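Have a look at the structure below, then the notes.
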Protein chains: 2
Amino acid sequence: METETTDTIIRATGRCLCEYGYADLTMQRIAEESSLTTAAIHYHFDTKEELLNALLDDLVDRFERKLACESDDPRDQLVVLLDAVFTPSNADEFPVALMELKAQAPYHDSYRKRFGELDETLRTVVEDAVDAGIEAGYFDAVDAAEVARFVGTAINGGHLRMVALGQDSTETRQVVEKYLETRLGWKPGASA
Amino acid sequence: METETTDTIIRATGRCLCEYGYADLTMQRIAEESSLTTAAIHYHFDTKEELLNALLDDLVDRFERKLACESDDPRDQLVVLLDAVFTPSNADEFPVALMELKAQAPYHDSYRKRFGELDETLRTVVEDAVDAGIEAGYFDAVDAAEVARFVGTAINGGHLRMVALGQDSTETRQVVEKYLETRLGWKPGASA
């Protein structure tokens with residue numbers, strides 16, 4: 001029950017962030033969206049920052065679950081990651097809302113910490129999969145950390161291009177896949 | 001005199017955006033910063049959006065001037081581009097201020113249009129230099145448009161990582177240089 005209310009509030013926060021944007025996100029609007037009183041919201045979360053931290057924690061959790069891959073094959077693991085990153089979310093507004101939080105990160109260490117965790121997770125998955133793929137003889141021997149840095153940078157770039165330029169993520173996925181093909185000698189999607 | 005006043009206002013807008021952020025940027029603050037009356041500001045610019053468009057136009061101009069390269073050697077042209085993109089600006093806050101405008105682009109077509117122009121300029125310089133370098137036998141024969149897409153994506157990614165994660169641009173420059181080295185068979189900085 002406790003958790004259920006918290007979940008309701010976090011989901012309402014996400015929808016309000018998409019609808020009103022960061023500057024106009026208020027406890028009042030979140031209360032209305034979740035059909036709770038503002039007192040009930042404040043009982044669970046003291047400030048807007050706390051609410052948004054909970055939203056980001058939830059996002060990190062969901063992203064980590066999406067990356068869970070049943071296969072031991074590092075090629076499958078990389079494809080699962082590309083799918084997790086580049087499959088559009090249900091809400092078209094979500095990348096826009098998330099970009100607002102990224103733009104606010106310089107003013108909120110707590111947001112920055114969570115974006116750092118997300119980045120670390122992503123890089124670790126890429127680096128481990130590339131190392132395992134080299135070990136197994138699927139990939140050319142390269143610096144796995146360098147590949148992970150590239151993929152992390154390109155994914156951030158794709159997110160920003162989507163928001164600032166209105167470009168969909170197809171081109172970024174192609175850029176990343178082409179890079180992996182050139183670097184690893186492996187064509188994503190063609191394997192396993 | 002006319003142009004001088006406009007320039008003063010645009011520069012004050014840039015400083016205010018860095019200091020107060022997008023949400024708290026007001027005509028009043030810009031007037032104070034530029035030592036002009038709000039009436040004088042309104043005489044030149046009707047709205048905050050118009051002011052920010054002028055700021056972005058100025059940014060696009062300055063960026064294009066930075067890319068002007070006296071050398072005909074495409075390797076020099078790429079180095080000039082890397083320097084223009086990755087040399088920190090005088091104001092540390094500027095990338096943060098610019099990111100706020102990028103995050104607002106979905107709500108303002110006029111910002112999006114200018115970011116599109118900036119992107120187009122950057123890509124064209126890369127694509128033309130790569131094509132010229134292949135022609136001259138300096139670079140391996142690759143798809144120049146693909147290289148330009150990569151560089152554009154990585155530069156956006158570096159900007160976002162700087163703001164969201166607090167990372168400096170050194171790593172992004174390394175990612176781009178390493179990519180150019182692998183793809184073109186040419187090590188930036190080692191040429192010309």
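Ligands are numbered from 1 in the order shown, chains are lettered A, B, ... in the order of the structure tokens, and residues start at 1 in each chain.
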Exercise. Could you pull the residues within 10 Å of A:Gly185, counting only C-alpha atoms, minus those fewer than 5 positions along the same chain, as number ranges by chain?
Worked result: A: 138-141, 178-180
Output of the above residues as a compact mmCIF listing (two decimals), in the first residue's frame, restricted to C-alpha atoms:
```txt
# COMPACT_ATOMS: atom_id res chain seq x y z
CA TYR A 138 33.66 -13.05 -32.02
CA PHE A 139 35.19 -9.57 -32.11
CA ASP A 140 38.50 -8.11 -33.22
CA ALA A 141 40.86 -7.33 -30.35
CA LYS A 178 28.37 1.11 -38.25
CA TYR A 179 31.01 1.96 -35.65
CA LEU A 180 30.69 -1.46 -34.00
```
For this session: Return the neighbours of chain B among the residues of chain A, cut-off 7 Å, counting only C-alpha atoms, as a list in words.
Result: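 On the chain A side, the interface is Ala23, Val96, Met99, Glu100, Lys102, Ala103, Ala105, Pro106, Arg112, Phe115, Gly116, Phe150, Thr153, Ala154, Ile155, Asn156, Gly157, Gly158, Leu160, Arg161, Val163, Ala164, Leu165 and Val175 of chain A.
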Exercise. What lies within 9 Å of B:Leu52 using only C-alpha atoms, ignoring chain neighbours under 5 positions off, as a PyMOL selection string?
Worked result: chain B and resi 10+13-14+47+57+101+111
May I have the selected residues written with N, CA and C atoms, as a JSON list (two decimals), in the first residue's frame?
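Everything below was put into out30.json:
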```
[["chain", "number", "residue", "atom", "x", "y", "z"],
["B", 10, "ILE", "N", 22.52, 41.91, -26.82],
["B", 10, "ILE", "CA", 22.74, 40.47, -27.06],
["B", 10, "ILE", "C", 23.79, 39.91, -26.09],
["B", 13, "THR", "N", 22.27, 39.59, -22.75],
["B", 13, "THR", "CA", 21.38, 38.43, -22.71],
["B", 13, "THR", "C", 22.17, 37.15, -22.44],
["B", 14, "GLY", "N", 23.29, 37.02, -23.11],
["B", 14, "GLY", "CA", 24.15, 35.84, -22.90],
["B", 14, "GLY", "C", 24.61, 35.74, -21.46],
["B", 47, "THR", "N", 10.22, 40.27, -27.69],
["B", 47, "THR", "CA", 10.02, 39.19, -26.72],
["B", 47, "THR", "C", 11.35, 38.55, -26.34],
["B", 57, "ASP", "N", 21.68, 33.49, -33.31],
["B", 57, "ASP", "CA", 22.22, 33.93, -34.61],
["B", 57, "ASP", "C", 23.67, 34.38, -34.46],
["B", 101, "LEU", "N", 18.79, 26.07, -23.72],
["B", 101, "LEU", "CA", 18.10, 26.43, -24.97],
["B", 101, "LEU", "C", 17.84, 25.19, -25.82],
["B", 111, "TYR", "N", 14.25, 28.27, -32.17],
["B", 111, "TYR", "CA", 15.54, 27.79, -31.63],
["B", 111, "TYR", "C", 15.98, 26.56, -32.43]]
```
Problem set entry | Contact residues around B:Arg75 with only C-alpha atoms at 10 Å, ignoring same-chain residues under 4 positions, as a VMD selection string | chain B and resid 71 79 to 81 129 to 130 132 to 133 138 to 139 186 to 192
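Of the residues listed (B:Thr87, B:Ser110, B:Glu120, B:Asp143), B:Thr87 shows the shortest atom-to-atom separation from B:Asp168; distances use only C-alpha atoms.
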For this session: Choose the residue, out of A:Arg173, A:His44, A:Lys66, A:Arg123, that has the smallest atom-to-atom separation from A:Thr8; count only C-alpha atoms.
Result: A:His44
Within 12 Å of B:Ala68, counting only C-alpha atoms, which residues qualify if same-chain residues fewer than 6 places away don't, as a PDB file with N, CA and C atoms, in the first residue's frame?
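Saved file result18.pdb follows:
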```pdb
ATOM      1  N   ASP B  61      27.009  32.783 -36.196  1.00  0.00           N
ATOM      2  CA  ASP B  61      27.992  33.621 -36.907  1.00  0.00           C
ATOM      3  C   ASP B  61      29.395  33.422 -36.360  1.00  0.00           C
ATOM      4  N   ARG B  62      29.500  33.516 -35.040  1.00  0.00           N
ATOM      5  CA  ARG B  62      30.831  33.403 -34.435  1.00  0.00           C
ATOM      6  C   ARG B  62      31.432  32.028 -34.691  1.00  0.00           C
ATOM      7  N   ASP B  76      44.155  20.336 -42.115  1.00  0.00           N
ATOM      8  CA  ASP B  76      44.135  21.556 -41.301  1.00  0.00           C
ATOM      9  C   ASP B  76      42.698  21.973 -40.979  1.00  0.00           C
ATOM     10  N   GLN B  77      41.837  21.843 -41.975  1.00  0.00           N
ATOM     11  CA  GLN B  77      40.436  22.255 -41.772  1.00  0.00           C
ATOM     12  C   GLN B  77      39.769  21.429 -40.670  1.00  0.00           C
ATOM     13  N   LEU B  78      40.079  20.131 -40.624  1.00  0.00           N
ATOM     14  CA  LEU B  78      39.504  19.302 -39.558  1.00  0.00           C
ATOM     15  C   LEU B  78      40.078  19.659 -38.190  1.00  0.00           C
ATOM     16  N   VAL B  79      41.368  19.984 -38.152  1.00  0.00           N
ATOM     17  CA  VAL B  79      41.968  20.379 -36.869  1.00  0.00           C
ATOM     18  C   VAL B  79      41.358  21.701 -36.382  1.00  0.00           C
ATOM     19  N   VAL B  80      41.160  22.647 -37.302  1.00  0.00           N
ATOM     20  CA  VAL B  80      40.527  23.923 -36.937  1.00  0.00           C
ATOM     21  C   VAL B  80      39.124  23.670 -36.378  1.00  0.00           C
ATOM     22  N   LEU B  81      38.401  22.745 -36.981  1.00  0.00           N
ATOM     23  CA  LEU B  81      37.061  22.413 -36.489  1.00  0.00           C
ATOM     24  C   LEU B  81      37.114  21.799 -35.084  1.00  0.00           C
ATOM     25  N   ASP B  83      39.411  22.223 -32.862  1.00  0.00           N
ATOM     26  CA  ASP B  83      39.774  23.308 -31.938  1.00  0.00           C
ATOM     27  C   ASP B  83      38.571  24.198 -31.634  1.00  0.00           C
ATOM     28  N   ALA B  84      37.806  24.540 -32.688  1.00  0.00           N
ATOM     29  CA  ALA B  84      36.654  25.438 -32.506  1.00  0.00           C
ATOM     30  C   ALA B  84      35.620  24.792 -31.578  1.00  0.00           C
ATOM     31  N   THR B 121      26.076  23.322 -40.723  1.00  0.00           N
ATOM     32  CA  THR B 121      27.395  23.929 -40.964  1.00  0.00           C
ATOM     33  C   THR B 121      28.508  22.965 -40.584  1.00  0.00           C
ATOM     34  N   LEU B 122      28.385  22.419 -39.404  1.00  0.00           N
ATOM     35  CA  LEU B 122      29.402  21.511 -38.894  1.00  0.00           C
ATOM     36  C   LEU B 122      29.555  20.275 -39.785  1.00  0.00           C
ATOM     37  N   VAL B 125      31.196  21.091 -43.208  1.00  0.00           N
ATOM     38  CA  VAL B 125      32.647  21.267 -43.117  1.00  0.00           C
ATOM     39  C   VAL B 125      33.345  19.904 -43.043  1.00  0.00           C
TER      40      VAL B 125
END
```
Problem set entry | Interatomic distance (Å, one decimal) between atom CA of A:Ala12 and atom CA of A:Ser34 |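 These two atoms are separated by 5.4 Å.
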For this session: Tell me, as number ranges by chain, which residues lie within 9 Å of A:Arg15, counting only C-alpha atoms; anything in the same chain fewer than 3 positions away does not count.
Result: A: 10-12, 18-20, 30, 33, 91, 93-94
Please, could you write that set of residues out with N, CA and C atoms as a PDB file, in the first residue's frame?
```pdb
ATOM      1  N   ILE A  10       5.110   8.721  -8.240  1.00  0.00           N
ATOM      2  CA  ILE A  10       6.252   8.792  -9.169  1.00  0.00           C
ATOM      3  C   ILE A  10       5.761   8.781 -10.620  1.00  0.00           C
ATOM      4  N   ARG A  11       4.781   7.914 -10.891  1.00  0.00           N
ATOM      5  CA  ARG A  11       4.257   7.874 -12.266  1.00  0.00           C
ATOM      6  C   ARG A  11       3.575   9.196 -12.638  1.00  0.00           C
ATOM      7  N   ALA A  12       2.836   9.763 -11.671  1.00  0.00           N
ATOM      8  CA  ALA A  12       2.177  11.061 -11.916  1.00  0.00           C
ATOM      9  C   ALA A  12       3.220  12.163 -12.151  1.00  0.00           C
ATOM     10  N   CYS A  18       6.347  15.599 -18.314  1.00  0.00           N
ATOM     11  CA  CYS A  18       6.158  15.592 -19.771  1.00  0.00           C
ATOM     12  C   CYS A  18       5.163  16.675 -20.190  1.00  0.00           C
ATOM     13  N   GLU A  19       4.114  16.827 -19.407  1.00  0.00           N
ATOM     14  CA  GLU A  19       3.042  17.740 -19.827  1.00  0.00           C
ATOM     15  C   GLU A  19       3.382  19.206 -19.577  1.00  0.00           C
ATOM     16  N   TYR A  20       3.950  19.517 -18.398  1.00  0.00           N
ATOM     17  CA  TYR A  20       4.133  20.932 -18.041  1.00  0.00           C
ATOM     18  C   TYR A  20       5.573  21.420 -18.159  1.00  0.00           C
ATOM     19  N   ILE A  30       1.044  17.632  -9.437  1.00  0.00           N
ATOM     20  CA  ILE A  30       1.293  16.198  -9.220  1.00  0.00           C
ATOM     21  C   ILE A  30       0.163  15.609  -8.370  1.00  0.00           C
ATOM     22  N   GLU A  33      -2.827  15.163 -10.638  1.00  0.00           N
ATOM     23  CA  GLU A  33      -2.597  14.064 -11.586  1.00  0.00           C
ATOM     24  C   GLU A  33      -2.711  12.700 -10.902  1.00  0.00           C
ATOM     25  N   ALA A  91       5.800   7.131 -24.230  1.00  0.00           N
ATOM     26  CA  ALA A  91       5.487   8.557 -24.253  1.00  0.00           C
ATOM     27  C   ALA A  91       6.536   9.294 -25.080  1.00  0.00           C
ATOM     28  N   GLU A  93       6.987  12.294 -25.269  1.00  0.00           N
ATOM     29  CA  GLU A  93       7.490  13.468 -24.560  1.00  0.00           C
ATOM     30  C   GLU A  93       8.615  13.097 -23.602  1.00  0.00           C
ATOM     31  N   PHE A  94       8.785  11.798 -23.332  1.00  0.00           N
ATOM     32  CA  PHE A  94       9.721  11.447 -22.274  1.00  0.00           C
ATOM     33  C   PHE A  94      11.166  11.903 -22.533  1.00  0.00           C
TER      34      PHE A  94
END
```
Problem set entry | Straight-line distance linking atom CA of A:Glu181 with atom CA of B:Ser169, stated in Å to one decimal |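 Distance reported for this atom pair: 25.7 Å.
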Exercise. Counting only C-alpha atoms, what is within 9 Å of B:Leu59, bar same-chain residues fewer than 5 positions away, as an MDAnalysis selection string?
Worked result: chainID B and resid 54 64 118
Problem set entry | All alpha helix (DSSP H) positions in stretch 12-186 of chain B, as a PyMOL selection string | chain B and resi 12-20+27-34+38-44+48-67+74-86+94-104+109-135+144-165+170-184
For this session: Mind giving me the straight-line distance from atom CA of A:Thr3 to atom CA of A:Glu50 in Å, one decimal?
Result: 15.7 Å
